[in-house]
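Peer 1: Let me give you the structure first, and then I'll get to my questions.
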Amino acid sequence: LLQADLASPMTAGNSLVSIAIATRNRKQEVLSALESCFAQTYRPLEVLVFDDASTDGTGDAVRKLFPDVRYVREEVNRGISALRNRGLREARGEFVFSRDDDAYYTDRGTVGRVVDHFRREPDAAVIAMPFVEPLRPAPPASRLQRGARLRTFTSCAYAIRRGVAIELQGYREFFFYRGEERDLSIRLLDRGFSIVYGDSSPVVHLYSPKRAWSQMFPFGIR
């Protein structure tokens, strides 16, 4: 159940924000993710889904249940880096919230709160949102303070200034899967931008068991 944040901005005078979700064969997960996106109070808001050649009926379900989504399908498996780049190119918002398909917001005011944080931190290229993973063993308690400068961000919960991402040419697509956000972080920091730990309510990352295990380990080691 999403909490209500009545102080979050939601007027038409705000900058357009985009939420871009990349997905592959996770129909039920992406539908849950979309529900939490459209529950956000921030407006104007566009939501995009980039389908990496799913074969489980994802496209039909998204179009039927969420007709306001901009749905884009790839006919061959191109990898998460390529889909995230397409999201950056095709999104129209000043800020792009790049979401994993197995993650969802817990607060209706999350997007608005992150946008406010960007306004307060003009050097911040990325706001890394707090997140929890209830289906995985609990890690040691984090000592991060809200507003802390980070070395990198995690793909399930972050937002980026679209103009900065485009200027740096986005993700390097040869990564295909895993490691792409660390590489982008290095380039952002090298250019003098900051990655800032946000102060919004946490995103829940359910860590779907539907994973390309044969790809994960070789790419992770690489």
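Labeling convention for the structure tokens: chains A, B, ... as they appear, residues from 1 per chain, ligands from 1 in order of appearance.
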Near region 19-30 of chain A, within 8 Å and counting only C-alpha atoms, which residues show up once chain neighbours fewer than 6 positions away are dropped, as a ChimeraX atom specification?
Peer 2: /A:37,45-58,61,80,83-84,87,91,96-103,208,210
Peer 1: Would you mind writing down, as JSON, numbers by chain, each residue of region 4-104 of chain A that DSSP on the backbone assigns to strand (DSSP E)?
Peer 2: {"A": [17, 18, 19, 20, 21, 22, 23, 45, 46, 47, 48, 49, 50, 51, 52, 70, 71, 72, 73, 74, 95, 96, 97, 98, 99, 100, 103, 104]}
Peer 1: Would you output that residue set with C-alpha atoms, as a short mmCIF file (atom, residue, chain, number, x, y, z; two decimals), in the first residue's frame?
Peer 2:
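Everything below was put into result10.cif:
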data_model
loop_
_atom_site.label_atom_id
_atom_site.label_comp_id
_atom_site.auth_asym_id
_atom_site.auth_seq_id
_atom_site.Cartn_x
_atom_site.Cartn_y
_atom_site.Cartn_z
CA VAL A 17 9.39 13.64 -15.57
CA SER A 18 9.81 10.26 -17.28
CA ILE A 19 9.84 6.78 -15.75
CA ALA A 20 11.51 4.23 -18.05
CA ILE A 21 11.22 0.51 -17.31
CA ALA A 22 13.19 -2.13 -19.19
CA THR A 23 11.71 -5.62 -19.05
CA LEU A 45 4.58 12.31 -15.78
CA GLU A 46 5.22 9.97 -18.69
CA VAL A 47 5.80 6.23 -18.29
CA LEU A 48 7.67 4.15 -20.86
CA VAL A 49 8.20 0.39 -21.09
CA PHE A 50 11.00 -1.05 -23.23
CA ASP A 51 10.42 -4.75 -23.87
CA ASP A 52 13.55 -6.76 -24.68
CA ARG A 70 4.50 4.32 -24.23
CA TYR A 71 5.33 0.71 -25.03
CA VAL A 72 8.33 -0.09 -27.24
CA ARG A 73 9.25 -3.64 -28.20
CA GLU A 74 12.59 -4.94 -29.43
CA PHE A 95 14.64 13.76 -15.22
CA VAL A 96 14.47 10.05 -16.07
CA PHE A 97 13.62 7.57 -13.33
CA SER A 98 15.09 4.30 -14.61
CA ARG A 99 13.32 1.42 -12.90
CA ASP A 100 13.86 -2.30 -12.74
CA ALA A 103 10.80 -2.95 -8.15
CA TYR A 104 8.04 -0.64 -6.98
#
Peer 1: Once DSSP has gone over the backbone, tell me which residues of region 89-177 of chain A are in alpha helix (DSSP H), as an MDAnalysis selection string.
Peer 2: chainID A and resid 89:90 110:120 162:167
Peer 1: Please dump the current selection as a short mmCIF file (atom, residue, chain, number, x, y, z; two decimals), in the first residue's frame; keep all heavy atoms.
Peer 2:
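Output (out.cif):
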data_model
loop_
_atom_site.label_atom_id
_atom_site.label_comp_id
_atom_site.auth_asym_id
_atom_site.auth_seq_id
_atom_site.Cartn_x
_atom_site.Cartn_y
_atom_site.Cartn_z
N ARG A 89 17.01 8.24 -24.79
CA ARG A 89 16.79 8.95 -26.05
C ARG A 89 15.31 9.30 -26.26
O ARG A 89 14.99 10.38 -26.75
CB ARG A 89 17.29 8.11 -27.22
CG ARG A 89 18.80 7.94 -27.29
CD ARG A 89 19.21 7.38 -28.65
NE ARG A 89 18.57 6.11 -28.95
CZ ARG A 89 19.10 4.92 -28.66
NH1 ARG A 89 20.25 4.86 -28.04
NH2 ARG A 89 18.47 3.81 -28.98
N GLU A 90 14.44 8.39 -25.91
CA GLU A 90 13.03 8.57 -26.25
C GLU A 90 12.23 9.26 -25.16
O GLU A 90 11.14 9.77 -25.42
CB GLU A 90 12.40 7.23 -26.60
CG GLU A 90 13.07 6.58 -27.81
CD GLU A 90 12.20 5.54 -28.49
OE1 GLU A 90 10.98 5.51 -28.22
OE2 GLU A 90 12.76 4.76 -29.29
N THR A 110 7.15 9.82 -3.94
CA THR A 110 8.57 9.56 -4.18
C THR A 110 9.13 10.39 -5.34
O THR A 110 10.17 11.03 -5.22
CB THR A 110 8.81 8.06 -4.45
OG1 THR A 110 8.50 7.32 -3.27
CG2 THR A 110 10.26 7.80 -4.84
N VAL A 111 8.45 10.39 -6.48
CA VAL A 111 8.96 11.12 -7.64
C VAL A 111 9.09 12.60 -7.33
O VAL A 111 10.11 13.24 -7.61
CB VAL A 111 8.07 10.88 -8.87
CG1 VAL A 111 8.42 11.85 -9.99
CG2 VAL A 111 8.21 9.44 -9.35
N GLY A 112 8.06 13.18 -6.73
CA GLY A 112 8.11 14.59 -6.39
C GLY A 112 9.23 14.92 -5.43
O GLY A 112 9.90 15.96 -5.56
N ARG A 113 9.46 14.06 -4.47
CA ARG A 113 10.52 14.31 -3.49
C ARG A 113 11.89 14.26 -4.14
O ARG A 113 12.78 15.06 -3.84
CB ARG A 113 10.42 13.28 -2.37
CG ARG A 113 11.25 13.63 -1.14
CD ARG A 113 10.96 12.66 0.00
NE ARG A 113 11.66 13.05 1.22
CZ ARG A 113 11.16 13.83 2.16
NH1 ARG A 113 9.95 14.33 2.02
NH2 ARG A 113 11.87 14.14 3.24
N VAL A 114 12.09 13.32 -5.07
CA VAL A 114 13.37 13.24 -5.76
C VAL A 114 13.60 14.46 -6.65
O VAL A 114 14.71 15.00 -6.72
CB VAL A 114 13.46 11.93 -6.57
CG1 VAL A 114 14.69 11.92 -7.46
CG2 VAL A 114 13.47 10.73 -5.64
N VAL A 115 12.55 14.92 -7.33
CA VAL A 115 12.68 16.13 -8.14
C VAL A 115 13.07 17.31 -7.26
O VAL A 115 13.94 18.12 -7.63
CB VAL A 115 11.38 16.41 -8.91
CG1 VAL A 115 11.43 17.78 -9.58
CG2 VAL A 115 11.13 15.32 -9.95
N ASP A 116 12.44 17.46 -6.10
CA ASP A 116 12.82 18.52 -5.17
C ASP A 116 14.30 18.41 -4.79
O ASP A 116 15.01 19.42 -4.67
CB ASP A 116 11.96 18.44 -3.91
CG ASP A 116 10.55 18.96 -4.12
OD1 ASP A 116 10.30 19.61 -5.15
OD2 ASP A 116 9.70 18.70 -3.25
N HIS A 117 14.77 17.19 -4.59
CA HIS A 117 16.18 16.99 -4.22
C HIS A 117 17.10 17.42 -5.35
O HIS A 117 18.13 18.06 -5.12
CB HIS A 117 16.41 15.51 -3.87
CG HIS A 117 17.60 15.28 -3.01
ND1 HIS A 117 17.76 14.17 -2.23
CD2 HIS A 117 18.73 16.03 -2.81
CE1 HIS A 117 18.92 14.24 -1.58
NE2 HIS A 117 19.53 15.35 -1.93
N PHE A 118 16.74 17.10 -6.58
CA PHE A 118 17.53 17.59 -7.71
C PHE A 118 17.62 19.11 -7.71
O PHE A 118 18.68 19.68 -8.00
CB PHE A 118 16.91 17.12 -9.03
CG PHE A 118 17.38 15.78 -9.53
CD1 PHE A 118 16.47 14.75 -9.71
CD2 PHE A 118 18.71 15.56 -9.83
CE1 PHE A 118 16.90 13.51 -10.19
CE2 PHE A 118 19.14 14.33 -10.31
CZ PHE A 118 18.23 13.30 -10.49
N ARG A 119 16.52 19.77 -7.41
CA ARG A 119 16.51 21.24 -7.42
C ARG A 119 17.45 21.79 -6.35
O ARG A 119 18.07 22.85 -6.54
CB ARG A 119 15.09 21.75 -7.17
CG ARG A 119 14.05 21.31 -8.19
CD ARG A 119 14.37 21.77 -9.58
NE ARG A 119 13.27 21.50 -10.51
CZ ARG A 119 13.40 21.33 -11.80
NH1 ARG A 119 14.62 21.38 -12.35
NH2 ARG A 119 12.37 21.09 -12.57
N ARG A 120 17.57 21.08 -5.25
CA ARG A 120 18.45 21.55 -4.16
C ARG A 120 19.91 21.22 -4.42
O ARG A 120 20.80 21.77 -3.77
CB ARG A 120 18.04 20.91 -2.83
CG ARG A 120 16.63 21.21 -2.37
CD ARG A 120 16.43 20.85 -0.91
NE ARG A 120 16.82 19.48 -0.59
CZ ARG A 120 15.99 18.44 -0.64
NH1 ARG A 120 14.73 18.62 -1.03
NH2 ARG A 120 16.42 17.24 -0.30
N ARG A 162 18.45 13.86 -17.56
CA ARG A 162 18.50 13.31 -18.92
C ARG A 162 19.56 14.02 -19.76
O ARG A 162 20.31 13.37 -20.51
CB ARG A 162 17.13 13.44 -19.59
CG ARG A 162 17.10 12.90 -21.00
CD ARG A 162 15.70 12.95 -21.59
NE ARG A 162 15.72 12.52 -22.97
CZ ARG A 162 15.94 13.33 -24.01
NH1 ARG A 162 16.14 14.63 -23.79
NH2 ARG A 162 15.96 12.86 -25.24
N GLY A 163 19.67 15.33 -19.64
CA GLY A 163 20.63 16.08 -20.44
C GLY A 163 22.06 15.66 -20.17
O GLY A 163 22.88 15.54 -21.10
N VAL A 164 22.37 15.43 -18.91
CA VAL A 164 23.72 14.98 -18.55
C VAL A 164 23.99 13.59 -19.11
O VAL A 164 25.07 13.32 -19.67
CB VAL A 164 23.91 14.99 -17.02
CG1 VAL A 164 25.24 14.35 -16.63
CG2 VAL A 164 23.82 16.41 -16.48
N ALA A 165 23.01 12.69 -18.98
CA ALA A 165 23.19 11.33 -19.49
C ALA A 165 23.42 11.33 -20.99
O ALA A 165 24.28 10.61 -21.51
CB ALA A 165 21.97 10.49 -19.14
N ILE A 166 22.66 12.15 -21.71
CA ILE A 166 22.83 12.23 -23.16
C ILE A 166 24.20 12.81 -23.51
O ILE A 166 24.89 12.35 -24.43
CB ILE A 166 21.71 13.07 -23.79
CG1 ILE A 166 20.34 12.38 -23.60
CG2 ILE A 166 21.99 13.34 -25.26
CD1 ILE A 166 20.20 11.06 -24.31
N GLU A 167 24.62 13.83 -22.76
CA GLU A 167 25.92 14.46 -23.01
C GLU A 167 27.06 13.44 -22.88
O GLU A 167 28.03 13.47 -23.63
CB GLU A 167 26.13 15.59 -22.00
CG GLU A 167 27.45 16.32 -22.14
CD GLU A 167 27.63 17.38 -21.07
OE1 GLU A 167 26.64 17.76 -20.42
OE2 GLU A 167 28.79 17.82 -20.88
#
Peer 1: So which one's closest to Glu173 (chain A), A:Gly93, A:Pro130, A:Gly109, A:Gly79? Using only C-alpha atoms, please.
Peer 2: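 Among the listed residues, the smallest separation from Glu173 (chain A) belongs to A:Gly79.
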Peer 1: When you count only C-alpha atoms, which of these residues is closest to Ser81 (chain A): A:Leu184, A:Leu135, A:Ala39, A:Leu189?
Peer 2: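 Using only C-alpha atoms, Ser81 (chain A) sits closest to A:Leu184.
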Peer 1: Counting only C-alpha atoms, which of A:Ala33, A:Ala159, A:Ile186, A:Val203 gets nearest to Glu133 (chain A)?
Peer 2: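 Between A:Ala33, A:Ala159, A:Ile186, A:Val203, the residue approaching Glu133 (chain A) most closely is A:Val203.
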